[in-house]
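Asks: My questions all concern the structure below.
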Amino acid sequence: MSASGERLASALATHAPAPARRRIHPFDDESWLGRILLAPAVVYIVALVGFPFFLAIFYSVSDATVGSTTLHFVGFRNYAQIFQDPTFWRSLRNAVVFTGVSQVLVVVLGKILAMAIYADFPGKWIVRFLILLPWVAPISLGSIGWLWIFDPVYSVINWSARALHLFRGGFWPIWLGQPDLAMASIILVDVWRLLPLATVIILAGMSSIPQDIHDAAAVDGAGFWRHLFRINLPLIMPIMLVALLFGIVFTFTDLIVVYVLTRGGPFDSTQVIASYAYFTGVQGGDLATGAAISLFLFPVLVAVAIVFLTIAKRTEVT
Amino acid sequence: MTHRPLIIVRSLKRTGHMLLLAAFVAFLAFPFYWIAITTFKSTRDLIDTTHNPFLFGAPPTLDNLRVLFFQTDFGRWIANTAEVGVLVTLITLLLAVPAGYALARLSGRWGHRLGIAIFLTYLIPPTILFIPFSRMSPASACRIRCGRWFWCTRASPFRSARGS
C-alpha cells in the first residue's frame, strides 16, 4: 500500500508539473504576447495624451492661470464667457472656412497631380522628389519661406506681377495685411503643405486598381471623362476620403501656419480656434479659457472622423 | 495622311502634360528655391527692388551663414534638434514597432477596436494637450522633456500600425 502509495505520489509528482509545462508560456500565447507588446504604447498614450486631455477638461471648468498654483472649480463660467466672445465665433468660422476651402483644393489638385505623375515620363524621379519636398520640410520652415514671399515690400509675387505689367499704377496688394488676402494666403500655404500627402495617398489608391478594369473599360470604348468618373473616382473614393480626413485633422488642429504668417491678424480675420486657444491660454496666461476654447476642436474632429470612416466603409468596393 | 493629326494631338497632349507638371513643381518647390537663394544674398541685394529678385543682383555672400553660426547659438539649436530627433525616433520605434506588430496580428475584435482607439488620439489637437503641459512646473524637467519628445512621438503609433 505504501509502495503503491509512493508510486502514486511519485507519479503525481512527476505529473504535477506537467499541466504547468503544458500551460503556454506568455510569450508563446498570441493574445498574451499581444497584450505585452501593446502595453508600453498604451501606457504611454494614456499617460501623455489621456491624462493631459482630462486635465484640459478639468482646467476648462476651473480658474487656472499660468501664474497661480491653486485652482478652483467655477462651473461653466468659462464656456459662458467664450460664447459671448465675438472673436471666438469669428475663429470658429475662420477655422471652418480655412479647413473647408483648403481641403477641397487639396483633394482636387491632389487628384490631378496624381494622375499627371501616374504615367511614366522622363524625369519622373526628380519631379516626384520636388513635389514631395513641402511634406518633408517642417511646417515652420515652409511657413517662414512663405512669410518672405508674402512680404509687404519685397514680395516676389508683386515684383513679378509688376514686371509682367499685371499690376498697374498703385495696385500693390499687402498679402498678409488685408483681411481677404490674408485668409487666401494662409489657405494657399496650407494647400502647399498638404498637397504632397494627398497626392501620395491618392497615387497609392490609383495603383491598387487592377489593370484589367482599365483594360475592360478601354475595350468597351470608355473615354477619358467617363473612365475618370465611372471607374477611377468610385474605386479610389474610400482612399480619397481617408486623405481628406487626414487633411481636415491636420488643418483644423494646426496653428503653426497662422502663427508664423499672420498671428491671427489683421483684426482676427485669420484667427482660428487652435491659434486663439494658444494666444489665450499659453501666451495670455488664461489657461482655463484657453482649455475651454481648444476643447471645441475635439467634438468637431470626432464627428468628422465618424462621418468619413462610415462613408469610406460604405463606398468600399470589394 | 491620316496619322498626321494623331501626331499633332499626341504632341499637344505631351506639351499639356509637361506644362501641368511644370506648374505643380513651380508651386511646390519654389519656396525652397526662394529660401536657398535668399540665404546667399546680401541684405543690400535683398532690399533693392530694382534688382531682379530671382537672380543675384550682387555677388553671392556667406555673410548670413557667418552671422548664423558665429553670432547666434545656432550650434546649440542644432544639437537640441538632433537630441530631440534621435530620442523621439528611438522612443517611437521602441513603442510603436511592437504595438504595430501586435495590432497587425490581433485580427480579433478588441485588437481592431484598440487600433481605432489609438487612431482617435490623433484627433486630440495638440493645443488641448499643451495647455495642461504649459502649467507643469519647470522644476519637473523630466516631465517637460518627456513632453517635448512626446509631441513628435504621438503621431507615430498609428502610422506604424497601418504600415505593418
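By convention in this document, the chains of the C-alpha cells carry letters A, B, ... by their order, each chain's residues are numbered from 1, and ligands are numbered from 1 in the order they are shown.
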Identify, on the basis of only C-alpha atoms, every residue whose closest approach to A:Ala56 does not exceed 7 Å; exclude the query and any residue fewer than 2 positions from it along the same chain; express the result as a PyMOL selection string.
Replies: (chain A and resi 52-54+58-60+291) or (chain B and resi 128-129+131-132)
Asks: With C-alpha atoms retained, export the selected residues as a PDB file, in the first residue's frame.
Replies:
ATOM      1  CA  PRO A  52      -3.442  65.834 -20.175  1.00  0.00           C
ATOM      2  CA  PHE A  53      -6.683  65.573 -22.100  1.00  0.00           C
ATOM      3  CA  PHE A  54      -8.685  65.074 -18.913  1.00  0.00           C
ATOM      4  CA  PHE A  58     -10.769  69.896 -15.751  1.00  0.00           C
ATOM      5  CA  TYR A  59      -8.999  73.208 -16.430  1.00  0.00           C
ATOM      6  CA  SER A  60     -11.828  74.352 -18.651  1.00  0.00           C
ATOM      7  CA  ALA A 291      -8.607  74.977 -22.472  1.00  0.00           C
TER       8      ALA A 291
ATOM      9  CA  ILE B 128      -5.679  70.859 -25.993  1.00  0.00           C
ATOM     10  CA  LEU B 129      -2.675  68.979 -24.689  1.00  0.00           C
ATOM     11  CA  ILE B 131      -2.312  73.905 -22.310  1.00  0.00           C
ATOM     12  CA  PRO B 132      -2.008  71.485 -19.360  1.00  0.00           C
TER      13      PRO B 132
END
Asks: Identify all chain A residues at most 6 Å from chain B by counting only C-alpha atoms; ligands do not count. Present them as number ranges by chain.
Replies: A: 34, 37-38, 40-41, 52-53, 56, 66, 130-131, 145, 253, 294, 298
Asks: How would the residues just chosen look if you wrote them out with C-alpha atoms as an mmCIF file, in the first residue's frame?
Replies:
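Contents of selection.cif, freshly written:
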data_model
loop_
_atom_site.group_PDB
_atom_site.id
_atom_site.type_symbol
_atom_site.label_atom_id
_atom_site.label_comp_id
_atom_site.auth_asym_id
_atom_site.auth_seq_id
_atom_site.Cartn_x
_atom_site.Cartn_y
_atom_site.Cartn_z
ATOM 1 C CA GLY A 34 -0.125 40.905 -27.995
ATOM 2 C CA LEU A 37 3.666 44.222 -26.911
ATOM 3 C CA LEU A 38 0.857 46.747 -26.817
ATOM 4 C CA PRO A 40 4.100 50.183 -23.446
ATOM 5 C CA ALA A 41 2.398 52.120 -26.239
ATOM 6 C CA PRO A 52 -3.442 65.834 -20.175
ATOM 7 C CA PHE A 53 -6.683 65.573 -22.100
ATOM 8 C CA ALA A 56 -7.596 70.106 -20.025
ATOM 9 C CA VAL A 66 -0.184 80.309 -15.681
ATOM 10 C CA LEU A 130 10.411 68.098 -55.887
ATOM 11 C CA ILE A 131 6.707 67.533 -55.353
ATOM 12 C CA GLY A 145 9.763 80.818 -46.548
ATOM 13 C CA THR A 253 -5.708 71.491 -35.445
ATOM 14 C CA SER A 294 -9.390 74.290 -27.506
ATOM 15 C CA PHE A 298 -12.301 67.740 -30.318
#
Asks: Given the choices A:Ala274, A:Ile209, A:Leu203, A:Leu241, which gets closest to A:Val257 if the distance is worked out from only C-alpha atoms?
Replies: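 Between A:Ala274, A:Ile209, A:Leu203, A:Leu241, the residue approaching A:Val257 most closely is A:Ala274.
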Asks: A:Pro210, A:Gly247, A:Gly177, A:Gly284: which is nearest A:Val104, counting only C-alpha atoms?
Replies: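 Nearest to A:Val104: A:Gly247.
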Asks: A:Ala39, A:Val107, A:Val156, A:Ala216: which is nearest A:Leu194, counting only C-alpha atoms?
Replies: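 Using only C-alpha atoms, the shortest distance to A:Leu194 belongs to A:Val107.
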Asks: Using only C-alpha atoms, find the one residue out of A:Val242, A:Val49, A:Ile187, A:Val260 that sits nearest to A:Gly100.
Replies: A:Ile187
Asks: Compare A:Asn94, A:Phe121, A:Leu235, A:Ser160 by their minimum atom-to-atom distance to A:Ser207, counting only C-alpha atoms, and give me the closest one.
Replies: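 Among A:Asn94, A:Phe121, A:Leu235, A:Ser160, it is A:Leu235 that comes nearest to A:Ser207.
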